[in-house]
Every structure is written in C-alpha cells, then in structure tokens.
>>> print(open('protein-v6.cif').read())   # mmCIF, N, CA and C atoms
data_final
#
loop_
_atom_site.label_atom_id
_atom_site.label_comp_id
_atom_site.auth_asym_id
_atom_site.auth_seq_id
_atom_site.Cartn_x
_atom_site.Cartn_y
_atom_site.Cartn_z
N GLN A 731 -166.99 -69.18 -73.43
CA GLN A 731 -166.10 -69.30 -74.57
C GLN A 731 -165.02 -68.24 -74.48
N VAL A 732 -163.82 -68.60 -74.90
CA VAL A 732 -162.69 -67.68 -74.84
C VAL A 732 -162.03 -67.63 -76.20
N HIS A 733 -161.57 -66.44 -76.56
CA HIS A 733 -160.80 -66.29 -77.78
C HIS A 733 -159.32 -66.40 -77.42
N VAL A 734 -158.62 -67.34 -78.07
CA VAL A 734 -157.19 -67.49 -77.80
C VAL A 734 -156.41 -67.29 -79.10
N GLN A 735 -155.23 -66.76 -78.96
CA GLN A 735 -154.40 -66.46 -80.11
C GLN A 735 -152.96 -66.84 -79.81
N GLU A 736 -152.36 -67.61 -80.73
CA GLU A 736 -150.97 -68.00 -80.59
C GLU A 736 -150.05 -66.98 -81.25
N SER A 737 -148.83 -66.91 -80.74
CA SER A 737 -147.81 -66.06 -81.35
C SER A 737 -146.44 -66.65 -81.04
N GLY A 738 -145.44 -66.22 -81.79
CA GLY A 738 -144.07 -66.60 -81.49
C GLY A 738 -143.45 -67.62 -82.42
N GLY A 739 -144.22 -68.13 -83.37
CA GLY A 739 -143.66 -69.09 -84.31
C GLY A 739 -142.65 -68.47 -85.25
N GLY A 740 -141.92 -69.33 -85.96
CA GLY A 740 -140.94 -68.82 -86.91
C GLY A 740 -140.07 -69.92 -87.46
N LEU A 741 -139.02 -69.49 -88.14
CA LEU A 741 -138.05 -70.40 -88.75
C LEU A 741 -136.76 -70.35 -87.95
N VAL A 742 -136.32 -71.52 -87.47
CA VAL A 742 -135.09 -71.59 -86.69
C VAL A 742 -134.28 -72.80 -87.15
N GLN A 743 -133.02 -72.81 -86.74
CA GLN A 743 -132.17 -73.96 -87.04
C GLN A 743 -132.29 -75.01 -85.93
N ALA A 744 -131.96 -76.23 -86.28
CA ALA A 744 -131.98 -77.30 -85.29
C ALA A 744 -131.09 -76.93 -84.10
N GLY A 745 -131.60 -77.22 -82.90
CA GLY A 745 -130.86 -76.91 -81.69
C GLY A 745 -131.26 -75.58 -81.06
N ALA A 746 -131.97 -74.76 -81.80
CA ALA A 746 -132.37 -73.45 -81.30
C ALA A 746 -133.59 -73.56 -80.39
N SER A 747 -133.99 -72.43 -79.84
CA SER A 747 -135.14 -72.35 -78.95
C SER A 747 -136.17 -71.37 -79.51
N LEU A 748 -137.41 -71.62 -79.18
CA LEU A 748 -138.51 -70.70 -79.49
C LEU A 748 -139.46 -70.69 -78.31
N ARG A 749 -140.11 -69.57 -78.11
CA ARG A 749 -141.12 -69.47 -77.05
C ARG A 749 -142.43 -69.04 -77.70
N LEU A 750 -143.40 -69.91 -77.63
CA LEU A 750 -144.74 -69.60 -78.14
C LEU A 750 -145.61 -69.09 -77.00
N SER A 751 -146.49 -68.17 -77.33
CA SER A 751 -147.43 -67.66 -76.35
C SER A 751 -148.86 -67.87 -76.82
N CYS A 752 -149.72 -68.17 -75.87
CA CYS A 752 -151.15 -68.27 -76.12
C CYS A 752 -151.80 -67.21 -75.24
N THR A 753 -152.44 -66.26 -75.88
CA THR A 753 -153.03 -65.14 -75.15
C THR A 753 -154.55 -65.20 -75.26
N ALA A 754 -155.19 -65.03 -74.13
CA ALA A 754 -156.66 -65.06 -74.08
C ALA A 754 -157.20 -63.66 -73.97
N SER A 755 -158.37 -63.46 -74.55
CA SER A 755 -159.03 -62.17 -74.45
C SER A 755 -160.49 -62.38 -74.09
N GLY A 756 -161.00 -61.44 -73.32
CA GLY A 756 -162.41 -61.46 -73.00
C GLY A 756 -162.79 -62.16 -71.71
N VAL A 757 -161.85 -62.95 -71.18
CA VAL A 757 -162.15 -63.68 -69.94
C VAL A 757 -160.88 -63.73 -69.10
N SER A 758 -161.04 -64.19 -67.86
CA SER A 758 -159.87 -64.45 -67.02
C SER A 758 -159.37 -65.85 -67.34
N PHE A 759 -158.15 -65.92 -67.86
CA PHE A 759 -157.61 -67.19 -68.32
C PHE A 759 -157.37 -68.16 -67.17
N ASN A 760 -157.39 -67.67 -65.93
CA ASN A 760 -157.09 -68.53 -64.80
C ASN A 760 -158.20 -69.50 -64.45
N THR A 761 -159.28 -69.50 -65.22
CA THR A 761 -160.34 -70.50 -65.03
C THR A 761 -160.32 -71.54 -66.14
N TYR A 762 -159.23 -71.58 -66.89
CA TYR A 762 -159.14 -72.49 -68.03
C TYR A 762 -157.91 -73.40 -67.92
N ALA A 763 -158.10 -74.66 -68.28
CA ALA A 763 -156.97 -75.54 -68.56
C ALA A 763 -156.58 -75.30 -70.01
N VAL A 764 -155.29 -75.40 -70.31
CA VAL A 764 -154.79 -75.07 -71.64
C VAL A 764 -153.89 -76.18 -72.16
N GLY A 765 -154.08 -76.51 -73.41
CA GLY A 765 -153.22 -77.50 -74.05
C GLY A 765 -152.56 -76.94 -75.29
N TRP A 766 -151.43 -77.51 -75.64
CA TRP A 766 -150.74 -77.19 -76.89
C TRP A 766 -150.74 -78.43 -77.77
N PHE A 767 -151.04 -78.23 -79.03
CA PHE A 767 -151.06 -79.30 -80.02
C PHE A 767 -150.27 -78.84 -81.24
N ARG A 768 -149.92 -79.78 -82.09
CA ARG A 768 -149.25 -79.42 -83.33
C ARG A 768 -149.73 -80.33 -84.45
N GLN A 769 -149.64 -79.80 -85.66
CA GLN A 769 -150.04 -80.57 -86.82
C GLN A 769 -149.09 -80.30 -87.96
N ALA A 770 -148.42 -81.36 -88.39
CA ALA A 770 -147.51 -81.28 -89.52
C ALA A 770 -148.28 -81.63 -90.80
N PRO A 771 -147.82 -81.18 -91.95
CA PRO A 771 -148.52 -81.49 -93.21
C PRO A 771 -148.72 -82.98 -93.40
N GLY A 772 -149.93 -83.38 -93.69
CA GLY A 772 -150.24 -84.78 -93.95
C GLY A 772 -150.37 -85.64 -92.72
N LYS A 773 -150.28 -85.02 -91.54
CA LYS A 773 -150.37 -85.80 -90.29
C LYS A 773 -151.54 -85.32 -89.44
N GLU A 774 -151.93 -86.15 -88.51
CA GLU A 774 -153.00 -85.78 -87.60
C GLU A 774 -152.50 -84.81 -86.54
N ARG A 775 -153.44 -84.08 -85.96
CA ARG A 775 -153.09 -83.17 -84.89
C ARG A 775 -152.58 -83.98 -83.69
N GLU A 776 -151.49 -83.52 -83.09
CA GLU A 776 -150.78 -84.27 -82.06
C GLU A 776 -150.69 -83.45 -80.78
N PHE A 777 -150.96 -84.07 -79.65
CA PHE A 777 -150.81 -83.43 -78.35
C PHE A 777 -149.33 -83.17 -78.08
N VAL A 778 -149.04 -81.98 -77.52
CA VAL A 778 -147.67 -81.62 -77.16
C VAL A 778 -147.52 -81.47 -75.64
N GLY A 779 -148.38 -80.69 -75.04
CA GLY A 779 -148.29 -80.47 -73.60
C GLY A 779 -149.53 -79.76 -73.11
N ALA A 780 -149.74 -79.81 -71.79
CA ALA A 780 -150.92 -79.17 -71.21
C ALA A 780 -150.61 -78.71 -69.81
N ILE A 781 -151.41 -77.75 -69.35
CA ILE A 781 -151.26 -77.22 -68.00
C ILE A 781 -152.65 -77.04 -67.40
N SER A 782 -152.73 -77.37 -66.12
CA SER A 782 -154.00 -77.26 -65.43
C SER A 782 -154.34 -75.81 -65.11
N ARG A 783 -155.56 -75.62 -64.71
CA ARG A 783 -156.03 -74.29 -64.33
C ARG A 783 -155.17 -73.69 -63.24
N ASP A 784 -154.79 -74.52 -62.25
CA ASP A 784 -154.01 -74.00 -61.12
C ASP A 784 -152.53 -73.88 -61.43
N GLY A 785 -152.10 -74.38 -62.58
CA GLY A 785 -150.71 -74.28 -62.97
C GLY A 785 -149.80 -75.29 -62.30
N ASP A 786 -150.34 -76.10 -61.41
CA ASP A 786 -149.50 -77.03 -60.66
C ASP A 786 -149.31 -78.37 -61.36
N HIS A 787 -150.08 -78.60 -62.39
CA HIS A 787 -150.03 -79.89 -63.09
C HIS A 787 -149.77 -79.67 -64.57
N THR A 788 -148.75 -80.36 -65.06
CA THR A 788 -148.41 -80.32 -66.48
C THR A 788 -148.23 -81.75 -66.99
N PHE A 789 -148.37 -81.91 -68.29
CA PHE A 789 -148.25 -83.23 -68.91
C PHE A 789 -147.73 -83.01 -70.32
N TYR A 790 -146.84 -83.92 -70.76
CA TYR A 790 -146.17 -83.71 -72.05
C TYR A 790 -146.15 -84.98 -72.89
N LEU A 791 -146.07 -84.78 -74.18
CA LEU A 791 -145.74 -85.85 -75.11
C LEU A 791 -144.34 -86.35 -74.76
N ASP A 792 -144.16 -87.66 -74.77
CA ASP A 792 -142.87 -88.23 -74.36
C ASP A 792 -141.69 -87.64 -75.13
N SER A 793 -141.87 -87.41 -76.40
CA SER A 793 -140.74 -86.99 -77.22
C SER A 793 -140.33 -85.53 -76.99
N VAL A 794 -141.12 -84.79 -76.21
CA VAL A 794 -140.77 -83.39 -75.96
C VAL A 794 -140.57 -83.09 -74.49
N LYS A 795 -140.85 -84.01 -73.59
CA LYS A 795 -140.94 -83.68 -72.17
C LYS A 795 -139.63 -83.21 -71.57
N ASP A 796 -138.51 -83.55 -72.15
CA ASP A 796 -137.22 -83.07 -71.64
C ASP A 796 -136.75 -81.80 -72.35
N ARG A 797 -137.56 -81.31 -73.31
CA ARG A 797 -137.15 -80.13 -74.09
C ARG A 797 -138.17 -78.99 -74.03
N PHE A 798 -139.43 -79.33 -73.83
CA PHE A 798 -140.48 -78.32 -73.85
C PHE A 798 -141.04 -78.10 -72.44
N THR A 799 -141.47 -76.88 -72.18
CA THR A 799 -142.08 -76.55 -70.89
C THR A 799 -143.29 -75.65 -71.11
N VAL A 800 -144.40 -76.04 -70.51
CA VAL A 800 -145.60 -75.21 -70.53
C VAL A 800 -145.70 -74.48 -69.20
N SER A 801 -145.97 -73.17 -69.27
CA SER A 801 -146.12 -72.39 -68.05
C SER A 801 -147.22 -71.36 -68.28
N ARG A 802 -147.72 -70.80 -67.19
CA ARG A 802 -148.77 -69.82 -67.34
C ARG A 802 -148.54 -68.61 -66.45
N ASP A 803 -149.00 -67.47 -66.94
CA ASP A 803 -148.96 -66.22 -66.19
C ASP A 803 -150.39 -65.70 -66.20
N ASN A 804 -151.12 -66.00 -65.16
CA ASN A 804 -152.53 -65.64 -65.14
C ASN A 804 -152.74 -64.13 -65.07
N ALA A 805 -151.79 -63.43 -64.50
CA ALA A 805 -151.91 -61.97 -64.45
C ALA A 805 -151.86 -61.37 -65.85
N GLU A 806 -151.11 -62.03 -66.75
CA GLU A 806 -150.98 -61.56 -68.12
C GLU A 806 -151.94 -62.27 -69.06
N ASN A 807 -152.71 -63.24 -68.53
CA ASN A 807 -153.64 -64.01 -69.37
C ASN A 807 -152.93 -64.76 -70.49
N THR A 808 -151.77 -65.34 -70.16
CA THR A 808 -151.02 -66.07 -71.17
C THR A 808 -150.59 -67.44 -70.67
N VAL A 809 -150.43 -68.35 -71.62
CA VAL A 809 -149.82 -69.64 -71.39
C VAL A 809 -148.72 -69.80 -72.44
N ASP A 810 -147.52 -70.07 -72.00
CA ASP A 810 -146.38 -70.17 -72.91
C ASP A 810 -145.93 -71.61 -73.10
N LEU A 811 -145.34 -71.83 -74.27
CA LEU A 811 -144.69 -73.10 -74.57
C LEU A 811 -143.24 -72.79 -74.91
N GLN A 812 -142.34 -73.08 -73.98
CA GLN A 812 -140.91 -72.90 -74.21
C GLN A 812 -140.37 -74.14 -74.87
N MET A 813 -139.79 -73.98 -76.04
CA MET A 813 -139.27 -75.11 -76.79
C MET A 813 -137.77 -74.97 -76.96
N ASN A 814 -137.04 -75.91 -76.41
CA ASN A 814 -135.58 -75.90 -76.48
C ASN A 814 -135.09 -77.09 -77.31
N LYS A 815 -133.87 -76.97 -77.78
CA LYS A 815 -133.23 -78.05 -78.54
C LYS A 815 -134.16 -78.55 -79.65
N LEU A 816 -134.66 -77.64 -80.43
CA LEU A 816 -135.62 -77.99 -81.47
C LEU A 816 -135.01 -78.89 -82.52
N LYS A 817 -135.85 -79.77 -83.04
CA LYS A 817 -135.45 -80.74 -84.06
C LYS A 817 -136.31 -80.53 -85.30
N PRO A 818 -135.82 -80.93 -86.46
CA PRO A 818 -136.65 -80.79 -87.67
C PRO A 818 -138.02 -81.46 -87.54
N GLU A 819 -138.09 -82.56 -86.81
CA GLU A 819 -139.38 -83.24 -86.65
C GLU A 819 -140.36 -82.48 -85.76
N ASP A 820 -139.90 -81.39 -85.14
CA ASP A 820 -140.81 -80.52 -84.39
C ASP A 820 -141.55 -79.53 -85.28
N SER A 821 -141.17 -79.48 -86.55
CA SER A 821 -141.80 -78.54 -87.48
C SER A 821 -143.28 -78.87 -87.65
N ALA A 822 -144.12 -77.87 -87.47
CA ALA A 822 -145.57 -78.05 -87.55
C ALA A 822 -146.24 -76.71 -87.30
N VAL A 823 -147.54 -76.67 -87.48
CA VAL A 823 -148.34 -75.55 -86.99
C VAL A 823 -148.73 -75.89 -85.55
N TYR A 824 -148.46 -74.98 -84.65
CA TYR A 824 -148.74 -75.19 -83.24
C TYR A 824 -150.00 -74.43 -82.83
N TYR A 825 -150.87 -75.13 -82.13
CA TYR A 825 -152.14 -74.58 -81.70
C TYR A 825 -152.25 -74.62 -80.19
N CYS A 826 -152.87 -73.59 -79.62
CA CYS A 826 -153.26 -73.70 -78.22
C CYS A 826 -154.77 -73.90 -78.17
N ALA A 827 -155.19 -74.58 -77.13
CA ALA A 827 -156.60 -74.90 -76.94
C ALA A 827 -156.93 -74.71 -75.47
N ALA A 828 -158.17 -74.32 -75.19
CA ALA A 828 -158.56 -74.03 -73.81
C ALA A 828 -159.91 -74.65 -73.48
N LYS A 829 -160.06 -74.93 -72.21
CA LYS A 829 -161.34 -75.43 -71.71
C LYS A 829 -161.57 -74.87 -70.32
N GLY A 830 -162.71 -74.23 -70.14
CA GLY A 830 -163.08 -73.74 -68.82
C GLY A 830 -163.38 -74.88 -67.89
N VAL A 831 -162.80 -74.83 -66.69
CA VAL A 831 -163.03 -75.87 -65.70
C VAL A 831 -163.44 -75.24 -64.39
N PRO A 832 -164.26 -75.93 -63.59
CA PRO A 832 -164.69 -75.37 -62.30
C PRO A 832 -163.55 -75.42 -61.29
N PRO A 833 -163.72 -74.72 -60.18
CA PRO A 833 -162.67 -74.76 -59.14
C PRO A 833 -162.34 -76.17 -58.69
N SER A 834 -163.36 -77.05 -58.67
CA SER A 834 -163.12 -78.44 -58.28
C SER A 834 -162.25 -79.18 -59.29
N GLY A 835 -162.11 -78.62 -60.47
CA GLY A 835 -161.28 -79.24 -61.52
C GLY A 835 -159.99 -78.50 -61.76
N SER A 836 -159.49 -77.82 -60.76
CA SER A 836 -158.28 -77.01 -60.93
C SER A 836 -157.07 -77.82 -61.35
N SER A 837 -157.06 -79.10 -61.09
CA SER A 837 -155.92 -79.95 -61.45
C SER A 837 -156.11 -80.67 -62.78
N TRP A 838 -157.23 -80.46 -63.43
CA TRP A 838 -157.54 -81.18 -64.67
C TRP A 838 -156.73 -80.64 -65.85
N TYR A 839 -156.46 -81.54 -66.79
CA TYR A 839 -155.94 -81.15 -68.09
C TYR A 839 -156.27 -82.28 -69.05
N GLY A 840 -156.26 -81.99 -70.31
CA GLY A 840 -156.59 -83.01 -71.30
C GLY A 840 -155.48 -83.18 -72.31
N SER A 841 -155.35 -84.37 -72.86
CA SER A 841 -154.38 -84.65 -73.92
C SER A 841 -155.05 -85.00 -75.23
N SER A 842 -156.36 -84.94 -75.24
CA SER A 842 -157.12 -85.23 -76.46
C SER A 842 -157.70 -83.95 -77.02
N PRO A 843 -157.64 -83.74 -78.33
CA PRO A 843 -158.24 -82.51 -78.90
C PRO A 843 -159.72 -82.37 -78.56
N GLU A 844 -160.41 -83.50 -78.43
CA GLU A 844 -161.85 -83.46 -78.16
C GLU A 844 -162.17 -82.91 -76.77
N TRP A 845 -161.19 -82.88 -75.88
CA TRP A 845 -161.44 -82.41 -74.53
C TRP A 845 -161.58 -80.88 -74.48
N TYR A 846 -161.02 -80.21 -75.48
CA TYR A 846 -160.96 -78.76 -75.47
C TYR A 846 -162.07 -78.14 -76.31
N TYR A 847 -162.51 -76.95 -75.92
CA TYR A 847 -163.60 -76.28 -76.61
C TYR A 847 -163.13 -75.16 -77.53
N ASP A 848 -162.10 -74.46 -77.11
CA ASP A 848 -161.71 -73.23 -77.81
C ASP A 848 -160.30 -73.37 -78.37
N TRP A 849 -160.15 -72.98 -79.63
CA TRP A 849 -158.89 -73.16 -80.33
C TRP A 849 -158.44 -71.85 -80.98
N GLY A 850 -157.12 -71.68 -81.02
CA GLY A 850 -156.56 -70.58 -81.77
C GLY A 850 -156.35 -70.96 -83.23
N GLN A 851 -155.84 -70.02 -84.00
CA GLN A 851 -155.64 -70.23 -85.43
C GLN A 851 -154.32 -70.92 -85.75
N GLY A 852 -153.43 -70.98 -84.79
CA GLY A 852 -152.16 -71.66 -84.99
C GLY A 852 -151.03 -70.73 -85.38
N THR A 853 -149.81 -71.13 -85.05
CA THR A 853 -148.62 -70.40 -85.45
C THR A 853 -147.60 -71.41 -85.99
N PRO A 854 -147.02 -71.14 -87.15
CA PRO A 854 -146.13 -72.13 -87.76
C PRO A 854 -144.73 -72.09 -87.16
N VAL A 855 -144.18 -73.28 -87.00
CA VAL A 855 -142.80 -73.45 -86.55
C VAL A 855 -142.08 -74.33 -87.56
N THR A 856 -140.97 -73.82 -88.07
CA THR A 856 -140.16 -74.59 -89.01
C THR A 856 -138.74 -74.69 -88.48
N VAL A 857 -138.26 -75.91 -88.36
CA VAL A 857 -136.91 -76.15 -87.86
C VAL A 857 -136.08 -76.75 -88.99
N SER A 858 -135.07 -76.02 -89.39
CA SER A 858 -134.22 -76.49 -90.48
C SER A 858 -133.05 -77.31 -89.94
N SER A 859 -132.60 -78.26 -90.72
CA SER A 859 -131.50 -79.13 -90.28
C SER A 859 -130.16 -78.56 -90.67
#
>>> encode(input="protein-v6.cif", output="structure tokens")
Amino acid sequence: QVHVQESGGGLVQAGASLRLSCTASGVSFNTYAVGWFRQAPGKEREFVGAISRDGDHTFYLDSVKDRFTVSRDNAENTVDLQMNKLKPEDSAVYYCAAKGVPPSGSSWYGSSPEWYYDWGQGTPVTVSS
C-alpha cells in the first residue's frame, strides 16, 4: 500500500494551464501504475489519464488527450498531470490513484477506478469562463 497526495489545484481562467502533482511516500513509486481521475459535483468519478509503471505507456480520456499530459519522475516519486488550454468543463476535484504492479506488468495501466488500490484525497480545480 502506498500513500499518495495530490497538489497543485486552484482557480484559473479558461485557456490557462495548471500542473498537478501526485507524490508518493513510504515506497518507491516506480513499481506503481498511476491514474488520474476527476469528479465534478453531482457526477460520477471520471478517468482522465494514466501512466504505466515504466512510463512508456500513457492513455487519456478523448476530450483531454490533446491538452493534458501525464508524466512521471521516479527519482522524485511523483507523477504529474500537465493541463493546458483548460475549459470550464474541466472543473472538478482531481484524484490520483496507484496500483502496484510486478515487473512483468510494467506496461499496464487502468482506466477504471476499480483497477486501483490507493487513492489520494483530491485537489480541486476550478476553471472560470
């Protein structure tokens, strides 16, 4: 089990950029696949993007794939979500989630919340029009 914590949320205007970070403590994050999800008020939690343990494989929600980028720095035990050209509909609480995977699963990632074991508390993002 790993403790993960998100940071970097805030209030921005449409068109701006934000960089969210997911930081792990207590373990080496390089043995985990990591996903980003978001949940807006009154809506279900939604997959945003994910990155494999080896960092070579990423996957995105269609509506963000040309604007958002997931990357990882295993030396710093962080996985970042770079969000560009933000839109009001991107407003939500953003969560990172992690799942330990074996070396044979270095290319794995999940897009379902049920695939992940460990979750952060979330960081709010508000995009004004």
>>> select_by_dssp(input="protein-v6.cif", residues="chain A", states="helix (DSSP H, G or I)", output="ChimeraX atom specification")
/A:759-761,818-820,833-835,843-845
>>> closest_residue(input="protein-v6.cif", among="A:Ser747, A:Ser837, A:Thr753, A:Ser858", to="Asn814 of chain A", atoms="only C-alpha atoms")
A:Ser747
>>> resolve_selection(input="protein-v6.cif", expression="the PyMOL selection byres ((chain A and resi 805-813) around 7)", output="MDAnalysis selection string")
chainID A and resid 746:755 758:760 797:804 814:816
>>> resolve_selection(input="protein-v6.cif", expression="the PyMOL selection byres (((chain A and resi 846 and name CA) around 12) and name CA)", output="list in words")
Gln731, Val732, Tyr762, Ala763, Val764, Gly765, Trp766, Phe767, Phe777, Ala780, Tyr825, Cys826, Ala827, Ala828, Lys829, Gly830, Val831, Trp838, Tyr839, Gly840, Ser841, Ser842, Pro843, Glu844, Trp845, Tyr847, Asp848, Trp849 and Gly850 of chain A
>>> closest_residue(input="protein-v6.cif", among="A:Ser834, A:Thr853, A:Ile781, A:Glu774", to="Gly738 of chain A", atoms="only C-alpha atoms")
A:Thr853
>>> axis_aligned_box(input="protein-v6.cif", around="segment 759-767 of chain A", padding_each_side="4 Å", output="AutoDock Vina command-line options")
--center_x -155.3 --center_y -72.6 --center_z -72.8 --size_x 18.1 --size_y 21.4 --size_z 24.8
>>> build_atoms(input="protein-v6.cif", residues="segment 732-746 of chain A", atoms="N, CA, C and O atoms", output="mmCIF file, in the coordinates of the input")
data_model
loop_
_atom_site.group_PDB
_atom_site.id
_atom_site.type_symbol
_atom_site.label_atom_id
_atom_site.label_comp_id
_atom_site.auth_asym_id
_atom_site.auth_seq_id
_atom_site.Cartn_x
_atom_site.Cartn_y
_atom_site.Cartn_z
ATOM 1 N N VAL A 732 -163.820 -68.600 -74.900
ATOM 2 C CA VAL A 732 -162.690 -67.680 -74.840
ATOM 3 C C VAL A 732 -162.030 -67.630 -76.200
ATOM 4 O O VAL A 732 -161.940 -68.629 -76.915
ATOM 5 N N HIS A 733 -161.570 -66.440 -76.560
ATOM 6 C CA HIS A 733 -160.800 -66.290 -77.780
ATOM 7 C C HIS A 733 -159.320 -66.400 -77.420
ATOM 8 O O HIS A 733 -158.840 -65.650 -76.556
ATOM 9 N N VAL A 734 -158.620 -67.340 -78.070
ATOM 10 C CA VAL A 734 -157.190 -67.490 -77.800
ATOM 11 C C VAL A 734 -156.410 -67.290 -79.100
ATOM 12 O O VAL A 734 -156.900 -67.612 -80.186
ATOM 13 N N GLN A 735 -155.230 -66.760 -78.960
ATOM 14 C CA GLN A 735 -154.400 -66.460 -80.110
ATOM 15 C C GLN A 735 -152.960 -66.840 -79.810
ATOM 16 O O GLN A 735 -152.408 -66.428 -78.789
ATOM 17 N N GLU A 736 -152.360 -67.610 -80.730
ATOM 18 C CA GLU A 736 -150.970 -68.000 -80.590
ATOM 19 C C GLU A 736 -150.050 -66.980 -81.250
ATOM 20 O O GLU A 736 -150.439 -66.312 -82.216
ATOM 21 N N SER A 737 -148.830 -66.910 -80.740
ATOM 22 C CA SER A 737 -147.810 -66.060 -81.350
ATOM 23 C C SER A 737 -146.440 -66.650 -81.040
ATOM 24 O O SER A 737 -146.315 -67.501 -80.150
ATOM 25 N N GLY A 738 -145.440 -66.220 -81.790
ATOM 26 C CA GLY A 738 -144.070 -66.600 -81.490
ATOM 27 C C GLY A 738 -143.450 -67.620 -82.420
ATOM 28 O O GLY A 738 -142.270 -67.955 -82.272
ATOM 29 N N GLY A 739 -144.220 -68.130 -83.370
ATOM 30 C CA GLY A 739 -143.660 -69.090 -84.310
ATOM 31 C C GLY A 739 -142.650 -68.470 -85.250
ATOM 32 O O GLY A 739 -142.520 -67.242 -85.318
ATOM 33 N N GLY A 740 -141.920 -69.330 -85.960
ATOM 34 C CA GLY A 740 -140.940 -68.820 -86.910
ATOM 35 C C GLY A 740 -140.070 -69.920 -87.460
ATOM 36 O O GLY A 740 -140.335 -71.109 -87.270
ATOM 37 N N LEU A 741 -139.020 -69.490 -88.140
ATOM 38 C CA LEU A 741 -138.050 -70.400 -88.750
ATOM 39 C C LEU A 741 -136.760 -70.350 -87.950
ATOM 40 O O LEU A 741 -136.196 -69.260 -87.747
ATOM 41 N N VAL A 742 -136.320 -71.520 -87.470
ATOM 42 C CA VAL A 742 -135.090 -71.590 -86.690
ATOM 43 C C VAL A 742 -134.280 -72.800 -87.150
ATOM 44 O O VAL A 742 -134.800 -73.691 -87.821
ATOM 45 N N GLN A 743 -133.020 -72.810 -86.740
ATOM 46 C CA GLN A 743 -132.170 -73.960 -87.040
ATOM 47 C C GLN A 743 -132.290 -75.010 -85.930
ATOM 48 O O GLN A 743 -132.658 -74.695 -84.789
ATOM 49 N N ALA A 744 -131.960 -76.230 -86.280
ATOM 50 C CA ALA A 744 -131.980 -77.300 -85.290
ATOM 51 C C ALA A 744 -131.090 -76.930 -84.100
ATOM 52 O O ALA A 744 -130.012 -76.366 -84.271
ATOM 53 N N GLY A 745 -131.600 -77.220 -82.900
ATOM 54 C CA GLY A 745 -130.860 -76.910 -81.690
ATOM 55 C C GLY A 745 -131.260 -75.580 -81.060
ATOM 56 O O GLY A 745 -130.898 -75.313 -79.900
ATOM 57 N N ALA A 746 -131.970 -74.760 -81.800
ATOM 58 C CA ALA A 746 -132.370 -73.450 -81.300
ATOM 59 C C ALA A 746 -133.590 -73.560 -80.390
ATOM 60 O O ALA A 746 -134.167 -74.641 -80.208
#
